[in-house]
file coords_17.cif (mmCIF, C-alpha atoms)
data_input
loop_
_atom_site.group_PDB
_atom_site.id
_atom_site.type_symbol
_atom_site.label_atom_id
_atom_site.label_comp_id
_atom_site.auth_asym_id
_atom_site.auth_seq_id
_atom_site.Cartn_x
_atom_site.Cartn_y
_atom_site.Cartn_z
ATOM 1 C CA MET N 3 -7.043 -53.259 45.986
ATOM 2 C CA THR N 4 -4.208 -50.972 45.099
ATOM 3 C CA THR N 5 -4.409 -47.396 43.897
ATOM 4 C CA THR N 6 -2.000 -45.803 41.544
ATOM 5 C CA ALA N 7 -0.653 -42.429 42.566
ATOM 6 C CA PRO N 8 -0.756 -39.744 39.871
ATOM 7 C CA ASP N 9 2.480 -39.291 38.014
ATOM 8 C CA VAL N 10 3.649 -35.893 39.222
ATOM 9 C CA ARG N 11 6.522 -35.880 36.761
ATOM 10 C CA LYS N 12 4.117 -36.027 33.798
ATOM 11 C CA GLN N 13 1.790 -33.328 35.151
ATOM 12 C CA ALA N 14 4.526 -30.835 35.993
ATOM 13 C CA PRO N 15 5.674 -30.171 32.431
ATOM 14 C CA ALA N 16 2.073 -29.686 31.283
ATOM 15 C CA ARG N 17 1.448 -27.248 34.129
ATOM 16 C CA ALA N 18 4.666 -25.424 33.294
ATOM 17 C CA THR N 19 3.680 -25.297 29.643
ATOM 18 C CA ARG N 20 0.333 -23.759 30.494
ATOM 19 C CA ARG N 21 1.994 -21.250 32.804
ATOM 20 C CA GLY N 22 4.563 -20.373 30.118
ATOM 21 C CA GLY N 23 1.793 -19.998 27.556
ATOM 22 C CA VAL N 24 -0.108 -17.506 29.738
ATOM 23 C CA ILE N 25 3.039 -15.494 30.399
ATOM 24 C CA GLY N 26 3.991 -15.585 26.736
ATOM 25 C CA ASN N 27 0.533 -14.462 25.626
ATOM 26 C CA THR N 28 0.510 -11.657 28.192
ATOM 27 C CA GLY N 29 3.879 -10.425 26.963
ATOM 28 C CA LEU N 30 2.657 -10.622 23.370
ATOM 29 C CA TYR N 31 -0.448 -8.578 24.192
ATOM 30 C CA ILE N 32 1.636 -5.951 25.991
ATOM 31 C CA ALA N 33 4.100 -5.698 23.115
ATOM 32 C CA THR N 34 1.237 -5.457 20.593
ATOM 33 C CA GLY N 35 -0.467 -2.756 22.667
ATOM 34 C CA VAL N 36 2.735 -0.706 22.912
ATOM 35 C CA ALA N 37 3.324 -1.054 19.172
ATOM 36 C CA ALA N 38 -0.271 0.008 18.461
ATOM 37 C CA VAL N 39 0.095 3.104 20.650
ATOM 38 C CA LEU N 40 3.367 4.078 18.972
ATOM 39 C CA PHE N 41 1.767 3.534 15.567
ATOM 40 C CA LEU N 42 -1.240 5.706 16.420
ATOM 41 C CA ILE N 43 0.723 8.637 17.873
ATOM 42 C CA PRO N 44 1.375 10.295 14.455
ATOM 43 C CA PHE N 45 -2.322 10.013 13.551
ATOM 44 C CA TYR N 46 -3.291 11.540 16.890
ATOM 45 C CA LEU N 47 -0.921 14.465 16.290
ATOM 46 C CA ILE N 48 -2.272 15.012 12.777
ATOM 47 C CA VAL N 49 -5.913 15.110 13.916
ATOM 48 C CA ARG N 50 -5.087 17.192 17.013
ATOM 49 C CA ASN N 51 -3.172 19.826 15.080
ATOM 50 C CA ALA N 52 -5.687 19.854 12.227
ATOM 51 C CA PHE N 53 -8.382 21.258 14.520
ATOM 52 C CA MET N 54 -6.136 23.729 16.350
ATOM 53 C CA THR N 55 -5.006 27.245 15.609
ATOM 54 C CA ASP N 56 -1.379 27.978 14.730
ATOM 55 C CA PRO N 57 -0.686 29.699 18.100
ATOM 56 C CA GLU N 58 -1.911 26.598 19.937
ATOM 57 C CA ILE N 59 0.223 24.297 17.782
ATOM 58 C CA THR N 60 3.415 26.320 18.237
ATOM 59 C CA GLY N 61 2.737 27.450 21.825
ATOM 60 C CA GLU N 62 5.078 26.562 24.663
ATOM 61 C CA GLU N 63 2.313 24.928 26.700
ATOM 62 C CA TRP N 64 1.434 21.447 25.506
ATOM 63 C CA LYS N 65 -2.262 20.718 25.014
ATOM 64 C CA TRP N 66 -3.589 17.229 24.527
ATOM 65 C CA PHE N 67 -6.723 18.481 22.789
ATOM 66 C CA PRO N 68 -7.768 21.754 21.133
ATOM 67 C CA THR N 69 -9.202 24.360 23.471
ATOM 68 C CA GLU N 70 -11.944 24.860 20.905
ATOM 69 C CA ILE N 71 -12.330 22.624 17.858
ATOM 70 C CA GLN N 72 -11.794 24.695 14.727
ATOM 71 C CA TRP N 73 -14.352 23.156 12.356
ATOM 72 C CA ALA N 74 -13.683 25.923 9.839
ATOM 73 C CA ASN N 75 -10.271 24.365 9.181
ATOM 74 C CA VAL N 76 -11.964 21.544 7.272
ATOM 75 C CA LYS N 77 -12.969 23.853 4.407
ATOM 76 C CA GLU N 78 -9.722 25.813 4.309
ATOM 77 C CA PRO N 79 -7.736 23.458 2.010
ATOM 78 C CA PHE N 80 -10.543 23.563 -0.546
ATOM 79 C CA ASP N 81 -10.915 27.358 -0.303
ATOM 80 C CA ASP N 82 -7.212 28.026 -0.893
ATOM 81 C CA VAL N 83 -6.921 29.809 -4.259
ATOM 82 C CA THR N 84 -3.186 29.092 -4.591
ATOM 83 C CA VAL N 85 -3.604 25.295 -4.583
ATOM 84 C CA ASP N 86 -6.459 23.363 -6.176
ATOM 85 C CA PHE N 87 -6.595 20.731 -3.452
ATOM 86 C CA ALA N 88 -9.736 19.009 -4.769
ATOM 87 C CA ARG N 89 -8.113 18.649 -8.185
ATOM 88 C CA SER N 90 -4.967 17.184 -6.648
ATOM 89 C CA MET N 91 -7.063 14.644 -4.714
ATOM 90 C CA TRP N 92 -8.772 13.637 -7.951
ATOM 91 C CA ASN N 93 -5.433 13.316 -9.751
ATOM 92 C CA SER N 94 -4.074 11.081 -7.004
ATOM 93 C CA LEU N 95 -7.209 8.931 -7.107
ATOM 94 C CA VAL N 96 -7.000 8.453 -10.880
ATOM 95 C CA VAL N 97 -3.274 7.736 -10.790
ATOM 96 C CA ALA N 98 -3.551 5.283 -7.874
ATOM 97 C CA ILE N 99 -6.495 3.351 -9.383
ATOM 98 C CA LEU N 100 -5.033 3.066 -12.895
ATOM 99 C CA HIS N 101 -1.578 2.289 -11.516
ATOM 100 C CA THR N 102 -2.998 -0.472 -9.323
ATOM 101 C CA THR N 103 -5.087 -1.941 -12.142
ATOM 102 C CA GLY N 104 -2.151 -1.960 -14.553
ATOM 103 C CA ILE N 105 0.230 -3.497 -12.017
ATOM 104 C CA LEU N 106 -2.234 -6.280 -11.177
ATOM 105 C CA LEU N 107 -2.865 -7.144 -14.830
ATOM 106 C CA ILE N 108 0.676 -6.931 -16.212
ATOM 107 C CA CYS N 109 2.566 -8.397 -13.250
ATOM 108 C CA SER N 110 0.069 -11.195 -12.657
ATOM 109 C CA LEU N 111 0.258 -12.224 -16.318
ATOM 110 C CA ALA N 112 4.060 -12.096 -16.211
ATOM 111 C CA GLY N 113 4.172 -14.074 -12.978
ATOM 112 C CA TYR N 114 1.712 -16.660 -14.297
ATOM 113 C CA GLY N 115 3.684 -17.088 -17.510
ATOM 114 C CA LEU N 116 6.943 -17.570 -15.608
ATOM 115 C CA ALA N 117 5.337 -20.053 -13.214
ATOM 116 C CA ARG N 118 3.203 -22.127 -15.557
ATOM 117 C CA ILE N 119 3.991 -21.777 -19.264
ATOM 118 C CA PRO N 120 6.855 -24.133 -20.251
ATOM 119 C CA TYR N 121 9.646 -22.186 -21.912
ATOM 120 C CA LYS N 122 13.336 -23.064 -21.894
ATOM 121 C CA HIS N 123 14.416 -19.489 -21.158
ATOM 122 C CA ALA N 124 11.841 -18.914 -18.400
ATOM 123 C CA ASN N 125 14.429 -19.040 -15.597
ATOM 124 C CA LYS N 126 16.739 -16.653 -17.430
ATOM 125 C CA ILE N 127 13.906 -14.162 -17.848
ATOM 126 C CA PHE N 128 12.982 -14.586 -14.184
ATOM 127 C CA TYR N 129 16.547 -13.866 -13.086
ATOM 128 C CA ALA N 130 16.609 -10.832 -15.376
ATOM 129 C CA VAL N 131 13.461 -9.556 -13.659
ATOM 130 C CA LEU N 132 15.086 -10.086 -10.262
ATOM 131 C CA ALA N 133 18.168 -8.212 -11.477
ATOM 132 C CA THR N 134 16.034 -5.099 -11.981
ATOM 133 C CA LEU N 135 15.481 -5.016 -8.210
ATOM 134 C CA MET N 136 19.203 -4.414 -7.729
ATOM 135 C CA VAL N 137 19.218 -1.283 -9.906
ATOM 136 C CA PRO N 138 18.784 1.875 -7.771
ATOM 137 C CA THR N 139 15.821 4.055 -8.700
ATOM 138 C CA ALA N 140 18.124 7.064 -9.025
ATOM 139 C CA VAL N 141 19.923 5.368 -11.934
ATOM 140 C CA THR N 142 16.752 5.029 -14.035
ATOM 141 C CA PHE N 143 15.101 8.268 -12.946
ATOM 142 C CA VAL N 144 16.776 10.622 -15.435
ATOM 143 C CA PRO N 145 16.483 8.276 -18.480
ATOM 144 C CA SER N 146 12.811 7.735 -17.647
ATOM 145 C CA PHE N 147 12.207 11.469 -17.440
ATOM 146 C CA VAL N 148 13.998 12.071 -20.775
ATOM 147 C CA LEU N 149 11.883 9.370 -22.426
ATOM 148 C CA VAL N 150 8.619 10.721 -21.006
ATOM 149 C CA SER N 151 9.570 14.255 -22.005
ATOM 150 C CA SER N 152 10.429 13.207 -25.563
ATOM 151 C CA LEU N 153 7.009 11.539 -25.864
ATOM 152 C CA GLY N 154 5.283 14.751 -24.755
ATOM 153 C CA TRP N 155 3.792 13.188 -21.636
ATOM 154 C CA ILE N 156 4.725 15.949 -19.200
ATOM 155 C CA ASP N 157 1.708 17.196 -17.179
ATOM 156 C CA SER N 158 -0.381 14.208 -18.276
ATOM 157 C CA TYR N 159 -1.792 11.053 -16.751
ATOM 158 C CA ARG N 160 0.236 8.997 -19.232
ATOM 159 C CA GLY N 161 3.482 10.384 -17.871
ATOM 160 C CA LEU N 162 2.382 9.812 -14.283
ATOM 161 C CA ILE N 163 1.102 6.261 -14.755
ATOM 162 C CA ILE N 164 2.683 4.363 -17.667
ATOM 163 C CA PRO N 165 6.365 4.370 -16.535
ATOM 164 C CA GLY N 166 5.401 2.600 -13.306
ATOM 165 C CA LEU N 167 3.120 -0.085 -14.719
ATOM 166 C CA PHE N 168 5.632 -2.880 -14.154
ATOM 167 C CA SER N 169 7.233 -3.882 -10.881
ATOM 168 C CA GLY N 170 9.863 -6.596 -10.681
ATOM 169 C CA PHE N 171 9.065 -7.255 -7.034
ATOM 170 C CA THR N 172 5.322 -7.617 -7.688
ATOM 171 C CA CYS N 173 6.077 -9.956 -10.592
ATOM 172 C CA PHE N 174 8.236 -12.026 -8.232
ATOM 173 C CA LEU N 175 5.422 -12.201 -5.662
ATOM 174 C CA PHE N 176 2.905 -13.353 -8.276
ATOM 175 C CA ARG N 177 5.281 -16.022 -9.590
ATOM 176 C CA GLN N 178 5.865 -17.378 -6.104
ATOM 177 C CA TYR N 179 2.139 -17.446 -5.447
ATOM 178 C CA PHE N 180 1.288 -19.208 -8.707
ATOM 179 C CA LEU N 181 3.959 -21.841 -8.056
ATOM 180 C CA GLY N 182 1.929 -22.866 -5.022
ATOM 181 C CA PHE N 183 -1.442 -22.696 -6.782
ATOM 182 C CA PRO N 184 -3.055 -26.166 -7.210
ATOM 183 C CA LYS N 185 -2.177 -27.463 -10.674
ATOM 184 C CA GLU N 186 -5.125 -29.832 -10.656
ATOM 185 C CA LEU N 187 -7.568 -26.958 -11.172
ATOM 186 C CA GLU N 188 -5.653 -25.692 -14.199
ATOM 187 C CA GLU N 189 -5.231 -29.180 -15.653
ATOM 188 C CA ALA N 190 -8.976 -29.721 -15.401
ATOM 189 C CA ALA N 191 -9.533 -26.418 -17.201
ATOM 190 C CA ARG N 192 -7.072 -27.398 -19.937
ATOM 191 C CA VAL N 193 -8.862 -30.730 -20.391
ATOM 192 C CA ASP N 194 -12.088 -28.778 -20.902
ATOM 193 C CA GLY N 195 -10.408 -26.949 -23.769
ATOM 194 C CA LEU N 196 -9.313 -23.718 -22.141
ATOM 195 C CA SER N 197 -6.091 -22.044 -23.223
ATOM 196 C CA TYR N 198 -3.504 -20.685 -20.789
ATOM 197 C CA TRP N 199 -5.335 -17.352 -20.880
ATOM 198 C CA GLY N 200 -8.683 -19.063 -20.267
ATOM 199 C CA ALA N 201 -7.296 -21.032 -17.326
ATOM 200 C CA TYR N 202 -5.732 -17.873 -15.911
ATOM 201 C CA TRP N 203 -8.827 -15.700 -16.272
ATOM 202 C CA ARG N 204 -11.565 -18.213 -15.448
ATOM 203 C CA VAL N 205 -9.874 -20.450 -12.878
ATOM 204 C CA VAL N 206 -6.772 -18.861 -11.366
ATOM 205 C CA VAL N 207 -7.979 -15.292 -10.858
ATOM 206 C CA PRO N 208 -11.359 -16.130 -9.248
ATOM 207 C CA ASN N 209 -9.574 -18.457 -6.807
ATOM 208 C CA SER N 210 -6.823 -15.934 -5.994
ATOM 209 C CA LEU N 211 -8.851 -12.887 -5.015
ATOM 210 C CA ASN N 212 -7.310 -12.768 -1.529
ATOM 211 C CA PHE N 213 -3.823 -12.439 -2.926
ATOM 212 C CA PHE N 214 -4.910 -9.945 -5.599
ATOM 213 C CA ALA N 215 -6.606 -7.836 -2.925
ATOM 214 C CA ALA N 216 -3.444 -7.824 -0.807
ATOM 215 C CA ILE N 217 -1.267 -6.716 -3.719
ATOM 216 C CA ALA N 218 -3.901 -4.132 -4.716
ATOM 217 C CA THR N 219 -3.852 -2.626 -1.211
ATOM 218 C CA ILE N 220 -0.078 -2.285 -1.129
ATOM 219 C CA THR N 221 0.079 -0.928 -4.687
ATOM 220 C CA PHE N 222 -2.723 1.592 -4.162
ATOM 221 C CA ILE N 223 -1.047 2.972 -1.038
ATOM 222 C CA ALA N 224 2.291 3.246 -2.860
ATOM 223 C CA GLY N 225 0.664 4.992 -5.827
ATOM 224 C CA TRP N 226 -1.221 7.429 -3.605
ATOM 225 C CA ASN N 227 1.887 8.287 -1.573
ATOM 226 C CA ALA N 228 4.239 8.699 -4.557
ATOM 227 C CA PHE N 229 5.946 12.090 -4.470
ATOM 228 C CA LEU N 230 9.203 12.444 -6.424
ATOM 229 C CA TRP N 231 8.010 11.248 -9.836
ATOM 230 C CA PRO N 232 4.722 13.241 -9.731
ATOM 231 C CA LEU N 233 6.718 16.283 -8.577
ATOM 232 C CA VAL N 234 8.919 16.123 -11.683
ATOM 233 C CA ILE N 235 6.231 15.147 -14.206
ATOM 234 C CA GLY N 236 3.391 17.320 -12.858
ATOM 235 C CA GLN N 237 4.970 20.699 -13.471
ATOM 236 C CA ASP N 238 1.650 22.492 -13.963
ATOM 237 C CA PRO N 239 -0.518 22.919 -10.817
ATOM 238 C CA SER N 240 -3.438 21.256 -12.621
ATOM 239 C CA ALA N 241 -1.366 18.030 -12.816
ATOM 240 C CA TRP N 242 -0.305 17.994 -9.173
ATOM 241 C CA THR N 243 -1.103 14.989 -7.037
ATOM 242 C CA VAL N 244 -2.079 15.376 -3.406
ATOM 243 C CA GLN N 245 1.463 14.781 -2.124
ATOM 244 C CA VAL N 246 2.824 17.571 -4.328
ATOM 245 C CA ALA N 247 -0.002 19.851 -3.216
ATOM 246 C CA LEU N 248 0.834 19.174 0.434
ATOM 247 C CA SER N 249 4.468 20.109 -0.145
ATOM 248 C CA SER N 250 3.397 23.451 -1.605
ATOM 249 C CA TYR N 251 1.933 24.545 1.737
ATOM 250 C CA ALA N 252 5.415 24.769 3.267
ATOM 251 C CA THR N 253 7.296 27.641 1.639
ATOM 252 C CA ASN N 254 10.313 29.730 2.542
ATOM 253 C CA GLN N 255 8.068 32.654 3.455
ATOM 254 C CA THR N 256 5.331 31.115 5.595
ATOM 255 C CA VAL N 257 4.280 27.788 7.049
ATOM 256 C CA ASN N 258 0.562 27.434 7.719
ATOM 257 C CA TYR N 259 0.625 24.608 10.249
ATOM 258 C CA HIS N 260 -3.056 23.941 10.761
ATOM 259 C CA LEU N 261 -3.629 23.994 6.993
ATOM 260 C CA ILE N 262 -0.874 21.433 6.417
ATOM 261 C CA PHE N 263 -2.213 19.105 9.110
ATOM 262 C CA MET N 264 -5.827 19.416 7.960
ATOM 263 C CA ALA N 265 -4.885 18.742 4.329
ATOM 264 C CA THR N 266 -2.810 15.779 5.494
ATOM 265 C CA ALA N 267 -5.716 14.381 7.505
ATOM 266 C CA ILE N 268 -8.047 14.682 4.513
ATOM 267 C CA SER N 269 -5.496 13.048 2.206
ATOM 268 C CA ILE N 270 -5.220 10.053 4.553
ATOM 269 C CA LEU N 271 -8.953 9.265 4.458
ATOM 270 C CA PRO N 272 -8.950 7.372 1.108
ATOM 271 C CA LEU N 273 -6.061 5.207 2.306
ATOM 272 C CA LEU N 274 -7.900 4.536 5.552
ATOM 273 C CA PHE N 275 -11.037 3.397 3.728
ATOM 274 C CA VAL N 276 -9.044 1.160 1.364
ATOM 275 C CA PHE N 277 -7.082 -0.400 4.208
ATOM 276 C CA LEU N 278 -10.140 -1.010 6.403
ATOM 277 C CA PHE N 279 -12.011 -2.573 3.478
ATOM 278 C CA LEU N 280 -9.170 -4.881 2.406
ATOM 279 C CA GLN N 281 -7.288 -5.441 5.674
ATOM 280 C CA ARG N 282 -8.536 -9.000 6.230
ATOM 281 C CA TRP N 283 -7.029 -10.043 2.897
ATOM 282 C CA LEU N 284 -3.727 -8.218 3.352
ATOM 283 C CA VAL N 285 -1.899 -10.632 5.670
ATOM 284 C CA GLN N 286 -3.566 -13.710 4.184
ATOM 285 C CA GLY N 287 -2.525 -12.786 0.670
ATOM 286 C CA ILE N 288 1.115 -12.089 1.538
ATOM 287 C CA ALA N 289 1.293 -15.338 3.540
ATOM 288 C CA GLN N 290 0.156 -17.254 0.465
ATOM 289 C CA THR N 291 3.208 -16.289 -1.586
ATOM 290 C CA GLY N 292 4.996 -19.407 -0.323
ATOM 291 C CA ILE N 293 8.654 -18.941 -1.163
ATOM 292 C CA LYS N 294 9.233 -21.919 -3.423
ATOM 293 C CA GLY N 295 11.907 -22.823 -5.984
#

call {"tool": "encode", "arguments": {"input": "coords_17.cif", "output": "structure tokens"}}
result
Amino acid sequence: MTTTAPDVRKQAPARATRRGGVIGNTGLYIATGVAAVLFLIPFYLIVRNAFMTDPEITGEEWKWFPTEIQWANVKEPFDDVTVDFARSMWNSLVVAILHTTGILLICSLAGYGLARIPYKHANKIFYAVLATLMVPTAVTFVPSFVLVSSLGWIDSYRGLIIPGLFSGFTCFLFRQYFLGFPKELEEAARVDGLSYWGAYWRVVVPNSLNFFAAIATITFIAGWNAFLWPLVIGQDPSAWTVQVALSSYATNQTVNYHLIFMATAISILPLLFVFLFLQRWLVQGIAQTGIKG
């Protein structure tokens, strides 16, 4: 009876592959950990300085943590009589929510029409939408302001929200996503007598919530963090958004460091809640765009 010796040549590559996989995964974990630490450093500095006094923040001796946590700093932004911080937070919340809702509705409808409704000029319109991405924001800023001013929308939610209710890039993302959406579901809906709107609202949207949530997260963060347009439109303090209010704490006369950092920390909380609630849909939704023809 003869025995067959194991083929060492076949086992070696597999062993090398496993070894390479372990090394590769270890390197990936290290790189991810370093990136996470670098990403969290600004948040650490914000929270650290928010609960410190100004002498501790600007002192020559570095301190990793406050000597004594200044809990009174939490109320200071809301007690400041020069800036209505609570009002600015409310303004930012209203602007971000309405801006996100409008972007999702208008851009998703535009993207669905370009992807699904047969029209001989659909490609031309799509290329025209893409062309808007090549126009610098500075070129359209002044004409937009003149238009808003002529309509009497200065210091109003209409002036803050309506000019930004369409995004060429978001429209592009929706079109690319809908091109990859299963046509069979829509065809079944059309056979049942639904119109394009019915198929969009009753079939496409309920089956695309992951992608909608991803776009909503990105749009909400962008709307909350907007600064230049709200600075120009919100000329009255009652129309300031939170970003404009934060900029008012740094003046030529004084800079109240702990107040700036505490107000910044408070202004980040809504974004943190939104991101933590929708984070599992964020990557999935963007991955579903599927860059197709």

call {"tool": "residues_around", "arguments": {"input": "coords_17.cif", "residues": "segment 255-265 of chain N", "least_positions_apart": "6", "cutoff": "8 Å", "atoms": "only C-alpha atoms", "output": "list in words"}}
result
Ile48, Val49, Asn51, Ala52, Phe53, Met54, Thr55, Asp56, Ile59, Asn75, Val76, Glu78, Pro79 and Leu248 of chain N

call {"tool": "atom_distance", "arguments": {"input": "coords_17.cif", "atom1": "atom CA of Ala117 of chain N", "atom2": "atom CA of Gly166 of chain N"}}
result
22.7 Å

call {"tool": "resolve_selection", "arguments": {"input": "coords_17.cif", "expression": "the PyMOL selection byres ((chain N and resi 225) around 12)", "output": "number ranges by chain"}}
result
N: 93-105, 162-163, 166-167, 218-224, 226-232, 243-245, 273

call {"tool": "write_last_selection", "arguments": {"input": "coords_17.cif", "atoms": "C-alpha atoms", "output": "PDB file, keeping the file's coordinate frame"}}
result
ATOM      1  CA  ASN N  93      -5.433  13.316  -9.751  1.00  0.00           C
ATOM      2  CA  SER N  94      -4.074  11.081  -7.004  1.00  0.00           C
ATOM      3  CA  LEU N  95      -7.209   8.931  -7.107  1.00  0.00           C
ATOM      4  CA  VAL N  96      -7.000   8.453 -10.880  1.00  0.00           C
ATOM      5  CA  VAL N  97      -3.274   7.736 -10.790  1.00  0.00           C
ATOM      6  CA  ALA N  98      -3.551   5.283  -7.874  1.00  0.00           C
ATOM      7  CA  ILE N  99      -6.495   3.351  -9.383  1.00  0.00           C
ATOM      8  CA  LEU N 100      -5.033   3.066 -12.895  1.00  0.00           C
ATOM      9  CA  HIS N 101      -1.578   2.289 -11.516  1.00  0.00           C
ATOM     10  CA  THR N 102      -2.998  -0.472  -9.323  1.00  0.00           C
ATOM     11  CA  THR N 103      -5.087  -1.941 -12.142  1.00  0.00           C
ATOM     12  CA  GLY N 104      -2.151  -1.960 -14.553  1.00  0.00           C
ATOM     13  CA  ILE N 105       0.230  -3.497 -12.017  1.00  0.00           C
ATOM     14  CA  LEU N 162       2.382   9.812 -14.283  1.00  0.00           C
ATOM     15  CA  ILE N 163       1.102   6.261 -14.755  1.00  0.00           C
ATOM     16  CA  GLY N 166       5.401   2.600 -13.306  1.00  0.00           C
ATOM     17  CA  LEU N 167       3.120  -0.085 -14.719  1.00  0.00           C
ATOM     18  CA  ALA N 218      -3.901  -4.132  -4.716  1.00  0.00           C
ATOM     19  CA  THR N 219      -3.852  -2.626  -1.211  1.00  0.00           C
ATOM     20  CA  ILE N 220      -0.078  -2.285  -1.129  1.00  0.00           C
ATOM     21  CA  THR N 221       0.079  -0.928  -4.687  1.00  0.00           C
ATOM     22  CA  PHE N 222      -2.723   1.592  -4.162  1.00  0.00           C
ATOM     23  CA  ILE N 223      -1.047   2.972  -1.038  1.00  0.00           C
ATOM     24  CA  ALA N 224       2.291   3.246  -2.860  1.00  0.00           C
ATOM     25  CA  TRP N 226      -1.221   7.429  -3.605  1.00  0.00           C
ATOM     26  CA  ASN N 227       1.887   8.287  -1.573  1.00  0.00           C
ATOM     27  CA  ALA N 228       4.239   8.699  -4.557  1.00  0.00           C
ATOM     28  CA  PHE N 229       5.946  12.090  -4.470  1.00  0.00           C
ATOM     29  CA  LEU N 230       9.203  12.444  -6.424  1.00  0.00           C
ATOM     30  CA  TRP N 231       8.010  11.248  -9.836  1.00  0.00           C
ATOM     31  CA  PRO N 232       4.722  13.241  -9.731  1.00  0.00           C
ATOM     32  CA  THR N 243      -1.103  14.989  -7.037  1.00  0.00           C
ATOM     33  CA  VAL N 244      -2.079  15.376  -3.406  1.00  0.00           C
ATOM     34  CA  GLN N 245       1.463  14.781  -2.124  1.00  0.00           C
ATOM     35  CA  LEU N 273      -6.061   5.207   2.306  1.00  0.00           C
TER      36      LEU N 273
END

call {"tool": "atom_distance", "arguments": {"input": "coords_17.cif", "atom1": "atom CA of Pro138 of chain N", "atom2": "atom CA of Phe171 of chain N"}}
result
13.4 Å

call {"tool": "closest_residue", "arguments": {"input": "coords_17.cif", "among": "N:Ala252, N:Ile268, N:Ile25, N:Val141", "to": "Ser90 of chain N", "atoms": "only C-alpha atoms"}}
result
N:Ile268

call {"tool": "atom_distance", "arguments": {"input": "coords_17.cif", "atom1": "atom CA of Val206 of chain N", "atom2": "atom CA of Glu188 of chain N"}}
result
7.5 Å

call {"tool": "resolve_selection", "arguments": {"input": "coords_17.cif", "expression": "the PyMOL selection byres ((chain N and resi 134) around 12)", "output": "PyMOL selection string"}}
result
chain N and resi 127-133+135-139+141-142+168-174

call {"tool": "closest_residue", "arguments": {"input": "coords_17.cif", "among": "N:Val234, N:Leu280, N:Leu42, N:Ala37", "to": "Val144 of chain N", "atoms": "all atoms listed in the file"}}
result
N:Val234

call {"tool": "resolve_selection", "arguments": {"input": "coords_17.cif", "expression": "the PyMOL selection byres ((chain N and resi 201-204) around 9)", "output": "list in words"}}
result
Leu111, Tyr114, Leu187, Glu188, Glu189, Ala191, Arg192, Leu196, Ser197, Tyr198, Trp199, Gly200, Val205, Val206, Val207, Pro208 and Asn209 of chain N

call {"tool": "write_last_selection", "arguments": {"input": "coords_17.cif", "atoms": "C-alpha atoms", "output": "compact mmCIF listing (two decimals), keeping the file's coordinate frame"}}
result
# COMPACT_ATOMS: atom_id res chain seq x y z
CA LEU N 111 0.26 -12.22 -16.32
CA TYR N 114 1.71 -16.66 -14.30
CA LEU N 187 -7.57 -26.96 -11.17
CA GLU N 188 -5.65 -25.69 -14.20
CA GLU N 189 -5.23 -29.18 -15.65
CA ALA N 191 -9.53 -26.42 -17.20
CA ARG N 192 -7.07 -27.40 -19.94
CA LEU N 196 -9.31 -23.72 -22.14
CA SER N 197 -6.09 -22.04 -23.22
CA TYR N 198 -3.50 -20.68 -20.79
CA TRP N 199 -5.34 -17.35 -20.88
CA GLY N 200 -8.68 -19.06 -20.27
CA VAL N 205 -9.87 -20.45 -12.88
CA VAL N 206 -6.77 -18.86 -11.37
CA VAL N 207 -7.98 -15.29 -10.86
CA PRO N 208 -11.36 -16.13 -9.25
CA ASN N 209 -9.57 -18.46 -6.81

call {"tool": "axis_aligned_box", "arguments": {"input": "coords_17.cif", "around": "segment 203-209 of chain N", "padding_each_side": "4 Å", "output": "lines of an AutoDock Vina configuration file"}}
result
center_x = -9.2
center_y = -17.9
center_z = -11.5
size_x = 12.8
size_y = 13.2
size_z = 17.5

call {"tool": "closest_residue", "arguments": {"input": "coords_17.cif", "among": "N:Ala215, N:Ser240, N:Ala140, N:Tyr251", "to": "Val276 of chain N", "atoms": "all atoms listed in the file"}}
result
N:Ala215

call {"tool": "residues_around", "arguments": {"input": "coords_17.cif", "residues": "Phe180 of chain N", "least_positions_apart": "3", "cutoff": "8 Å", "atoms": "only C-alpha atoms", "output": "PyMOL selection string"}}
result
chain N and resi 113-114+117-118+176-177+183+291
